[in-house]
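What's in work-v9.txt: compact mmCIF, C-alpha atoms
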```
# COMPACT_ATOMS: atom_id res chain seq x y z
CA MET M 3 0.00 0.00 0.00
CA PHE M 4 2.82 2.36 0.90
CA SER M 5 4.57 1.57 -2.36
CA ILE M 6 1.46 2.50 -4.37
CA ILE M 7 1.21 5.89 -2.62
CA LYS M 8 4.94 6.48 -3.09
CA ALA M 9 4.69 5.69 -6.80
CA ALA M 10 1.74 8.06 -7.24
CA VAL M 11 3.52 10.91 -5.44
CA GLY M 12 6.64 10.26 -7.48
CA GLY M 13 4.67 10.44 -10.71
CA LEU M 14 3.09 13.75 -9.71
CA THR M 15 6.49 15.08 -8.74
CA ALA M 16 7.95 14.15 -12.09
CA LEU M 17 5.00 15.71 -13.91
CA CYS M 18 5.33 18.95 -11.94
CA ARG M 19 9.09 18.97 -12.59
CA VAL M 20 8.43 18.75 -16.32
CA ASN M 21 5.91 21.61 -16.19
CA GLY M 22 8.29 23.81 -14.20
CA HIS M 23 6.53 23.68 -10.80
CA GLN M 24 8.36 23.75 -7.51
CA GLN M 25 9.90 20.39 -6.55
CA GLY M 26 9.35 18.48 -3.35
CA LEU M 27 7.03 15.99 -1.75
CA LEU M 28 4.56 18.63 -0.53
CA HIS M 29 4.62 20.71 -3.72
CA GLY M 30 4.51 17.90 -6.23
CA HIS M 31 0.73 17.58 -6.20
CA LEU M 32 -0.16 21.23 -5.54
CA LYS M 33 -1.03 23.93 -8.03
CA VAL M 34 0.69 27.20 -7.21
CA LEU M 35 -1.55 30.21 -7.87
CA ALA M 36 -0.18 33.69 -8.51
CA ALA M 37 -2.32 36.71 -7.60
CA GLY M 38 -2.02 40.08 -9.39
CA LEU M 39 -3.09 43.60 -8.54
CA LYS M 40 -5.36 45.44 -10.96
CA THR M 41 -5.65 49.20 -11.00
CA HIS M 42 -8.87 50.88 -12.05
CA ASP M 43 -9.61 54.52 -12.77
CA ILE M 44 -11.23 56.48 -10.01
CA PRO M 45 -14.92 56.96 -10.83
CA PRO M 46 -15.87 60.57 -11.55
CA ASP M 47 -17.48 62.64 -8.84
CA HIS M 48 -20.95 63.90 -9.79
CA SER M 49 -21.82 65.32 -6.39
CA ASP M 50 -21.85 68.88 -7.73
CA VAL M 51 -24.23 68.09 -10.62
CA VAL M 52 -27.72 69.52 -10.15
CA LEU M 53 -30.44 67.89 -12.23
CA PRO M 54 -33.26 70.19 -13.42
CA ASP M 55 -36.91 69.50 -12.75
CA ARG M 56 -37.75 68.82 -16.40
CA ARG M 57 -35.15 66.37 -17.66
CA LYS M 58 -36.68 65.21 -20.92
CA LEU M 59 -36.93 67.07 -24.20
CA LYS M 60 -40.18 68.96 -24.42
CA PHE M 61 -42.60 68.71 -27.32
CA VAL M 62 -42.04 71.20 -30.16
CA ASN M 63 -44.95 72.62 -32.14
CA LYS M 64 -45.17 71.71 -35.79
CA MET M 65 -45.67 75.33 -36.87
CA PRO M 66 -45.24 78.72 -35.22
CA ASN M 67 -48.16 80.60 -33.73
CA PHE M 68 -48.45 83.25 -36.44
CA LYS M 69 -51.71 85.12 -36.92
CA ASN M 70 -50.88 85.99 -40.52
CA ALA M 71 -48.29 83.65 -41.97
CA LYS M 72 -46.17 85.26 -44.69
CA LYS M 73 -44.31 83.59 -47.50
CA GLU M 74 -40.55 84.10 -47.74
CA MET M 75 -37.81 83.63 -50.28
CA LYS M 76 -35.32 80.79 -49.87
CA ASN M 77 -32.64 83.07 -48.42
CA LEU M 78 -29.87 80.44 -48.37
CA LYS M 79 -27.64 82.59 -46.18
CA ASP M 80 -29.58 81.12 -43.23
CA ILE M 81 -27.58 77.88 -43.59
CA GLN M 82 -24.24 79.27 -44.83
CA GLY M 83 -21.27 80.11 -42.68
CA PRO M 84 -20.62 79.41 -39.00
CA ALA M 85 -23.26 79.65 -36.30
CA THR M 86 -23.18 82.79 -34.17
CA ALA M 87 -25.55 81.50 -31.47
CA ALA M 88 -25.86 78.25 -29.48
CA ASN M 89 -22.30 77.27 -30.36
CA ALA M 90 -20.99 76.71 -26.81
CA PHE M 91 -21.91 74.57 -23.82
CA THR M 92 -24.17 75.94 -21.09
CA LYS M 93 -25.16 73.32 -18.49
CA GLY M 94 -24.61 70.01 -20.26
CA GLU M 95 -21.46 67.99 -20.86
CA PHE M 96 -22.20 66.39 -24.24
CA ALA M 97 -23.87 67.69 -27.39
CA ILE M 98 -24.74 66.89 -30.98
CA VAL M 99 -23.03 69.54 -33.13
CA ALA M 100 -23.86 70.28 -36.77
CA MET M 101 -20.82 70.02 -39.05
CA GLY M 102 -22.64 71.59 -41.99
CA GLY M 103 -25.67 73.66 -42.87
CA GLY M 104 -29.17 72.39 -43.54
CA TYR M 105 -32.83 72.46 -42.59
CA LEU M 106 -34.57 70.51 -39.85
CA HIS M 107 -38.27 69.90 -40.35
CA TRP M 108 -40.69 68.76 -37.69
CA GLY M 109 -40.14 65.08 -38.45
CA HIS M 110 -36.44 65.34 -37.61
CA ILE M 111 -37.15 67.20 -34.37
CA GLU M 112 -39.74 64.64 -33.29
CA MET M 113 -37.34 61.80 -34.12
CA ILE M 114 -34.69 63.38 -31.88
CA ARG M 115 -37.17 63.85 -29.03
CA LEU M 116 -38.57 60.33 -29.12
CA THR M 117 -35.18 58.61 -29.48
CA ILE M 118 -33.51 60.44 -26.61
CA ASN M 119 -36.49 60.45 -24.25
CA ARG M 120 -37.13 56.73 -24.67
CA LYS M 121 -33.54 55.53 -24.33
CA MET M 122 -32.04 57.84 -21.73
CA ASP M 123 -32.39 57.38 -17.97
CA PRO M 124 -34.16 60.45 -16.53
CA LYS M 125 -32.95 59.57 -13.02
CA THR M 126 -29.35 60.43 -13.91
CA THR M 127 -29.54 62.29 -17.23
CA PHE M 128 -31.19 65.41 -18.62
CA ALA M 129 -31.43 66.83 -22.13
CA ARG M 130 -32.36 70.24 -23.48
CA TRP M 131 -32.95 71.77 -26.90
CA ARG M 132 -30.46 74.21 -28.40
CA ILE M 133 -32.50 74.95 -31.51
CA ASN M 134 -35.73 76.81 -32.07
CA GLY M 135 -38.94 75.26 -33.29
CA PRO M 136 -39.76 75.35 -37.01
CA TYR M 137 -40.34 78.97 -38.04
CA LYS M 138 -39.19 79.38 -41.65
CA PRO M 139 -41.99 78.68 -44.19
CA VAL M 140 -41.36 76.45 -47.18
CA THR M 141 -43.81 76.73 -50.07
CA ARG M 142 -44.82 74.08 -52.55
CA LYS M 143 -47.16 73.92 -55.50
CA GLY M 144 -49.72 71.21 -55.97
CA LEU M 145 -48.96 68.12 -58.03
CA GLY M 146 -49.59 68.64 -61.74
CA MET M 147 -49.89 72.42 -61.64
CA ARG M 148 -48.49 74.56 -64.43
CA MET M 149 -45.52 76.82 -64.04
CA GLY M 150 -46.25 80.42 -63.10
CA GLY M 151 -49.25 81.76 -61.28
CA GLY M 152 -47.30 83.12 -58.33
CA LYS M 153 -45.67 81.53 -55.35
CA GLY M 154 -47.22 78.34 -54.02
CA ALA M 155 -48.91 77.84 -50.67
CA ILE M 156 -46.96 77.18 -47.48
CA ASP M 157 -46.31 73.45 -47.20
CA GLN M 158 -44.30 73.20 -43.96
CA TYR M 159 -42.01 75.07 -41.58
CA VAL M 160 -38.34 74.29 -41.03
CA THR M 161 -35.50 75.33 -38.72
CA PRO M 162 -32.30 76.58 -40.43
CA VAL M 163 -29.06 75.24 -38.92
CA ARG M 164 -25.52 76.47 -39.55
CA TYR M 165 -22.11 74.89 -39.02
CA GLY M 166 -21.20 74.61 -35.33
CA ARG M 167 -24.76 74.89 -34.03
CA PHE M 168 -25.67 72.69 -31.08
CA ILE M 169 -28.76 70.59 -31.73
CA VAL M 170 -29.23 68.86 -28.36
CA GLU M 171 -27.25 69.20 -25.15
CA VAL M 172 -27.10 66.33 -22.65
CA GLY M 173 -25.72 66.29 -19.12
CA GLY M 174 -26.17 64.85 -15.65
CA LYS M 175 -24.53 62.09 -13.63
CA VAL M 176 -23.49 60.17 -16.69
CA GLU M 177 -20.40 59.52 -18.82
CA LEU M 178 -20.01 59.76 -22.59
CA GLY M 179 -19.75 56.00 -23.05
CA GLU M 180 -23.22 55.51 -21.58
CA ILE M 181 -25.06 57.80 -23.99
CA GLN M 182 -22.74 57.97 -26.99
CA ARG M 183 -24.59 55.19 -28.79
CA ILE M 184 -27.92 57.02 -28.43
CA MET M 185 -26.54 60.37 -29.57
CA THR M 186 -24.65 58.82 -32.49
CA GLU M 187 -27.84 57.12 -33.63
CA VAL M 188 -29.58 60.50 -33.68
CA ALA M 189 -26.68 62.26 -35.42
CA GLN M 190 -26.64 59.73 -38.26
CA LYS M 191 -30.31 60.38 -39.05
CA LEU M 192 -30.00 64.14 -39.48
CA PRO M 193 -30.12 65.66 -43.01
CA PHE M 194 -26.61 67.11 -42.58
CA LYS M 195 -23.35 65.85 -41.12
CA ALA M 196 -23.29 65.98 -37.32
CA GLU M 197 -20.96 64.65 -34.62
CA VAL M 198 -21.11 64.00 -30.88
CA PHE M 199 -18.76 66.13 -28.78
CA SER M 200 -17.95 66.49 -25.10
CA ARG M 201 -16.53 69.60 -23.51
CA ALA M 202 -12.99 68.23 -23.70
CA SER M 203 -13.25 66.88 -27.26
CA LEU M 204 -14.78 70.10 -28.57
CA ALA M 205 -12.01 72.17 -26.98
CA ALA M 206 -9.41 69.85 -28.54
CA PHE M 207 -11.13 70.10 -31.93
CA GLN M 208 -11.12 73.90 -31.82
CA LYS M 209 -7.51 73.99 -30.62
CA LYS M 210 -6.46 71.73 -33.50
CA HIS M 211 -7.88 74.13 -36.09
CA ALA M 212 -6.37 77.12 -34.29
CA ASP M 213 -2.95 75.44 -34.33
CA MET M 214 -3.32 74.65 -38.04
CA GLU M 215 -3.90 78.31 -38.78
CA GLN M 216 -1.14 79.54 -36.47
CA ASN M 217 1.53 77.06 -37.60
CA ASN M 218 0.73 77.23 -41.30
CA GLN M 219 3.97 77.57 -43.28
CA ASN M 220 2.37 78.29 -46.63
CA PRO M 221 2.37 82.08 -47.13
CA TRP M 222 -0.17 81.92 -49.98
CA THR M 223 -3.31 81.48 -47.96
CA PHE M 224 -6.79 82.12 -49.30
CA LYS M 225 -6.90 85.43 -47.47
CA GLU M 226 -3.62 86.68 -48.95
CA ILE M 227 -4.66 85.66 -52.46
CA THR M 228 -8.00 87.45 -52.25
CA LEU M 229 -6.51 90.58 -50.69
CA GLY M 230 -3.97 90.78 -53.49
CA ASN M 231 -6.62 89.95 -56.13
CA MET M 232 -4.22 87.57 -57.83
CA LEU M 233 -5.25 86.67 -61.38
CA GLY M 234 -8.39 88.74 -60.85
CA ILE M 235 -9.92 86.16 -58.52
CA ARG M 236 -12.18 88.73 -56.83
CA LYS M 237 -14.56 88.77 -59.79
CA VAL M 238 -15.55 85.11 -59.25
CA LEU M 239 -15.85 85.22 -55.45
CA SER M 240 -18.97 85.95 -53.49
CA PRO M 241 -19.14 88.23 -50.43
CA LYS M 242 -19.50 85.09 -48.28
CA ASP M 243 -16.15 83.79 -49.60
CA LEU M 244 -14.45 87.06 -48.70
CA CYS M 245 -16.08 87.11 -45.27
CA HIS M 246 -15.20 83.52 -44.31
CA ASN M 247 -11.89 83.29 -46.26
CA GLY M 248 -13.12 80.38 -48.35
CA ARG M 249 -13.74 78.06 -45.40
CA PHE M 250 -17.27 77.34 -46.61
CA ALA M 251 -18.58 76.21 -49.99
CA GLY M 252 -22.26 77.01 -49.78
CA LYS M 253 -23.60 75.15 -46.76
CA PHE M 254 -20.57 72.81 -46.53
CA HIS M 255 -17.57 73.42 -44.28
CA LEU M 256 -14.06 72.87 -45.68
CA PRO M 257 -11.92 71.73 -42.71
CA TRP M 258 -8.66 71.65 -44.71
CA ARG M 259 -8.89 75.32 -45.75
CA VAL M 260 -6.62 77.57 -43.68
```

Starting from the file, give its structure as structure tokens.
Amino acid sequence: MFSIIKAAVGGLTALCRVNGHQQGLLHGHLKVLAAGLKTHDIPPDHSDVVLPDRRKLKFVNKMPNFKNAKKEMKNLKDIQGPATAANAFTKGEFAIVAMGGGYLHWGHIEMIRLTINRKMDPKTTFARWRINGPYKPVTRKGLGMRMGGGKGAIDQYVTPVRYGRFIVEVGGKVELGEIQRIMTEVAQKLPFKAEVFSRASLAAFQKKHADMEQNNQNPWTFKEITLGNMLGIRKVLSPKDLCHNGRFAGKFHLPWRV
């Protein structure tokens, strides 16, 4: 009996010696475990965040409350150039920012409201609009009507959006990874290019473009060429090109232009 036990222990010892385990009668049949120490990031402190009373996006009317609605021309300058309002954070930490010009009709606004309100957690998150309700009239003639006969009747109202305008701002006791999927889903359904930014990423994005302009080594910039009227270029440029130094082509932003 003793010989059988000795043979078994000897076999385990040989097996452990082959696998590189510690030798010996007591360690031959034991599995040595090694414990490691993992370091995790300290969770953010949201103790100073104050959630508002109304945390969901409110309903937006389909048309403005005008007594006498008036027809307007297209006036494409409403969507050209950078935004001069609602282009900075107020109370939130994350936002959907327009990277080009375009029009939002009521269907887009309702899609944004339903998607965010249904998928976000109102106990820890709040959202607020950074755009106005539809106020610009868009006319349309009936199907099969002849050309002429004046401007058509008002078909719907839209909201003009410029480059850099915040669409929705989100904040609360939440991190970007928790709501980025929801905001990206909304941004991909908009009629113009839009991206999701946080306070830090937006500051880095703006600093990158400022550094590109400051460290540019090419002396022949768009501004210098237009000021010198080289090859008579001024006759083919619009006032918008002179104002924005060629950074915009219609409603589209040109990020490579310095």

Give me the segment 75-100 of chain M side of the contact with segment 122-132 of chain M, cut-off 9 Å, one line per residue showing its nearest atom pair and distance in Å at one decimal, counting all atoms listed in the file, sorted by chain and residue number, as JSON lines.
```
{"residue": "M:Ala88", "atom": "CA", "partner": "M:Arg132", "partner_atom": "CA", "distance": 6.2}
{"residue": "M:Asn89", "atom": "CA", "partner": "M:Arg132", "partner_atom": "CA", "distance": 8.9}
{"residue": "M:Gly94", "atom": "CA", "partner": "M:Ala129", "partner_atom": "CA", "distance": 7.8}
```

> Please, what distance in Å, to one decimal, runs between atom CA of Gly104 of chain M and atom CA of Thr161 of chain M?
Replying inline: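 So the two atoms, atom CA of Gly104 of chain M and atom CA of Thr161 of chain M, lie 8.5 Å apart.
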
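With only C-alpha atoms as the atoms that count, the residue of M:His255, M:Val198, M:Thr228, M:Cys245 with the shortest distance to Gly102 of chain M is M:His255.
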
>> Using all atoms listed in the file for the distances, tell me which of M:Glu112, M:Asp43, M:Glu197, M:Asp157 is nearest to Val99 of chain M.
In response: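 Under the stated criterion, the closest residue is M:Glu197.
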
> Which one is closest to Lys79 of chain M: M:Pro162, M:Gly173, M:Gly179, M:Gly109? Count only C-alpha atoms.
Replying inline: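 Among the listed residues, the smallest separation from Lys79 of chain M belongs to M:Pro162.
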
Closest-contact table, segment 20-121 of chain M side, partner segment 143-156 of chain M, 12 Å, counting all atoms listed in the file, as CSV:
```
residue,atom,partner,partner_atom,distance
M:Met65,CA,M:Ile156,CA,10.8
M:Asn70,CA,M:Ile156,CA,11.9
M:Ala71,CA,M:Ile156,CA,8.6
M:Lys72,CA,M:Ile156,CA,8.6
M:Lys73,CA,M:Ile156,CA,6.9
M:Glu74,CA,M:Ile156,CA,9.4
M:Met75,CA,M:Lys153,CA,9.6
M:Lys76,CA,M:Lys153,CA,11.7
```

> Of the candidates M:Tyr105, M:Gly135, M:Tyr165, M:Gly230, which one gets nearest to Leu256 of chain M if we count only C-alpha atoms?
Replying inline: M:Tyr165

> For the atom pair atom CA of Phe168 of chain M and atom CA of Lys210 of chain M, what is the interatomic distance in Å to one decimal place?
Replying inline: 19.4 Å

>> For Leu244 of chain M, find every residue with an atom within 10 Å (counting only C-alpha atoms), except residues of its own chain fewer than 6 positions away, and show them as a VMD selection string.
In response: chain M and resid 224 to 225 228 to 229 236

> For Lys93 of chain M, which residue out of M:Leu239, M:Phe254, M:Phe199, M:Gly174 is the nearest one, using all atoms listed in the file?
Replying inline: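 Under the stated criterion, the closest residue is M:Gly174.
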
> When you draw a straight line from atom CA of Ala90 of chain M to atom CA of Arg167 of chain M, how long is it in Å?
Replying inline: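 Result for atom CA of Ala90 of chain M versus atom CA of Arg167 of chain M: 8.3 Å, one decimal.
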
Some atoms are absent from segment 39-50 of chain M, so rebuild all heavy atoms and return them as a compact mmCIF listing (two decimals), in the coordinates of the input.
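Output contents, as saved in out.txt:
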```txt
# COMPACT_ATOMS: atom_id res chain seq x y z
N LEU M 39 -2.39 42.41 -9.01
CA LEU M 39 -3.09 43.60 -8.54
C LEU M 39 -3.53 44.41 -9.74
O LEU M 39 -2.69 44.80 -10.57
CB LEU M 39 -2.19 44.43 -7.63
CG LEU M 39 -2.80 45.71 -7.06
CD1 LEU M 39 -3.98 45.37 -6.16
CD2 LEU M 39 -1.75 46.52 -6.31
N LYS M 40 -4.82 44.65 -9.87
CA LYS M 40 -5.36 45.44 -10.96
C LYS M 40 -5.66 46.85 -10.47
O LYS M 40 -6.15 47.04 -9.36
CB LYS M 40 -6.64 44.80 -11.51
CG LYS M 40 -6.42 43.48 -12.22
CD LYS M 40 -7.70 42.99 -12.84
CE LYS M 40 -7.48 41.69 -13.60
NZ LYS M 40 -8.74 41.20 -14.22
N THR M 41 -5.37 47.80 -11.33
CA THR M 41 -5.65 49.20 -11.00
C THR M 41 -6.76 49.71 -11.90
O THR M 41 -6.73 49.52 -13.12
CB THR M 41 -4.39 50.05 -11.22
OG1 THR M 41 -3.93 49.90 -12.57
CG2 THR M 41 -3.28 49.62 -10.26
N HIS M 42 -7.74 50.32 -11.32
CA HIS M 42 -8.87 50.88 -12.05
C HIS M 42 -8.89 52.39 -11.86
O HIS M 42 -8.41 52.93 -10.86
CB HIS M 42 -10.19 50.28 -11.57
CG HIS M 42 -10.29 48.80 -11.77
ND1 HIS M 42 -10.65 48.22 -12.97
CD2 HIS M 42 -10.04 47.76 -10.94
CE1 HIS M 42 -10.64 46.91 -12.86
NE2 HIS M 42 -10.27 46.60 -11.63
N ASP M 43 -9.48 53.07 -12.86
CA ASP M 43 -9.61 54.52 -12.77
C ASP M 43 -10.60 54.90 -11.68
O ASP M 43 -11.59 54.20 -11.44
CB ASP M 43 -10.07 55.10 -14.10
CG ASP M 43 -9.05 54.87 -15.21
OD1 ASP M 43 -7.87 54.71 -14.87
OD2 ASP M 43 -9.45 54.83 -16.39
N ILE M 44 -10.32 55.99 -11.05
CA ILE M 44 -11.23 56.48 -10.01
C ILE M 44 -12.52 56.97 -10.66
O ILE M 44 -12.47 57.75 -11.61
CB ILE M 44 -10.56 57.62 -9.21
CG1 ILE M 44 -9.29 57.11 -8.54
CG2 ILE M 44 -11.51 58.19 -8.18
CD1 ILE M 44 -8.50 58.17 -7.82
N PRO M 45 -13.67 56.52 -10.21
CA PRO M 45 -14.92 56.96 -10.83
C PRO M 45 -15.11 58.46 -10.66
O PRO M 45 -14.70 59.04 -9.66
CB PRO M 45 -16.00 56.17 -10.08
CG PRO M 45 -15.35 55.75 -8.80
CD PRO M 45 -13.90 55.58 -9.09
N PRO M 46 -15.70 59.12 -11.64
CA PRO M 46 -15.87 60.57 -11.55
C PRO M 46 -16.84 60.95 -10.44
O PRO M 46 -17.75 60.19 -10.08
CB PRO M 46 -16.43 60.94 -12.93
CG PRO M 46 -17.05 59.69 -13.44
CD PRO M 46 -16.23 58.57 -12.90
N ASP M 47 -16.65 62.14 -9.93
CA ASP M 47 -17.48 62.64 -8.84
C ASP M 47 -18.57 63.55 -9.42
O ASP M 47 -18.27 64.59 -10.01
CB ASP M 47 -16.62 63.42 -7.84
CG ASP M 47 -17.44 63.89 -6.64
OD1 ASP M 47 -18.54 63.34 -6.44
OD2 ASP M 47 -16.96 64.79 -5.91
N HIS M 48 -19.82 63.13 -9.29
CA HIS M 48 -20.95 63.90 -9.79
C HIS M 48 -21.74 64.54 -8.66
O HIS M 48 -22.94 64.82 -8.82
CB HIS M 48 -21.88 63.01 -10.62
CG HIS M 48 -21.23 62.42 -11.83
ND1 HIS M 48 -20.80 63.19 -12.89
CD2 HIS M 48 -20.93 61.13 -12.15
CE1 HIS M 48 -20.26 62.40 -13.82
NE2 HIS M 48 -20.33 61.15 -13.40
N SER M 49 -21.09 64.76 -7.52
CA SER M 49 -21.82 65.32 -6.39
C SER M 49 -22.25 66.76 -6.62
O SER M 49 -23.22 67.23 -6.02
CB SER M 49 -20.96 65.23 -5.13
OG SER M 49 -19.73 65.94 -5.30
N ASP M 50 -21.52 67.48 -7.49
CA ASP M 50 -21.85 68.88 -7.73
C ASP M 50 -22.84 69.08 -8.87
O ASP M 50 -23.20 70.21 -9.18
CB ASP M 50 -20.58 69.67 -8.03
CG ASP M 50 -19.83 69.11 -9.22
OD1 ASP M 50 -20.05 67.92 -9.54
OD2 ASP M 50 -19.02 69.84 -9.82
```
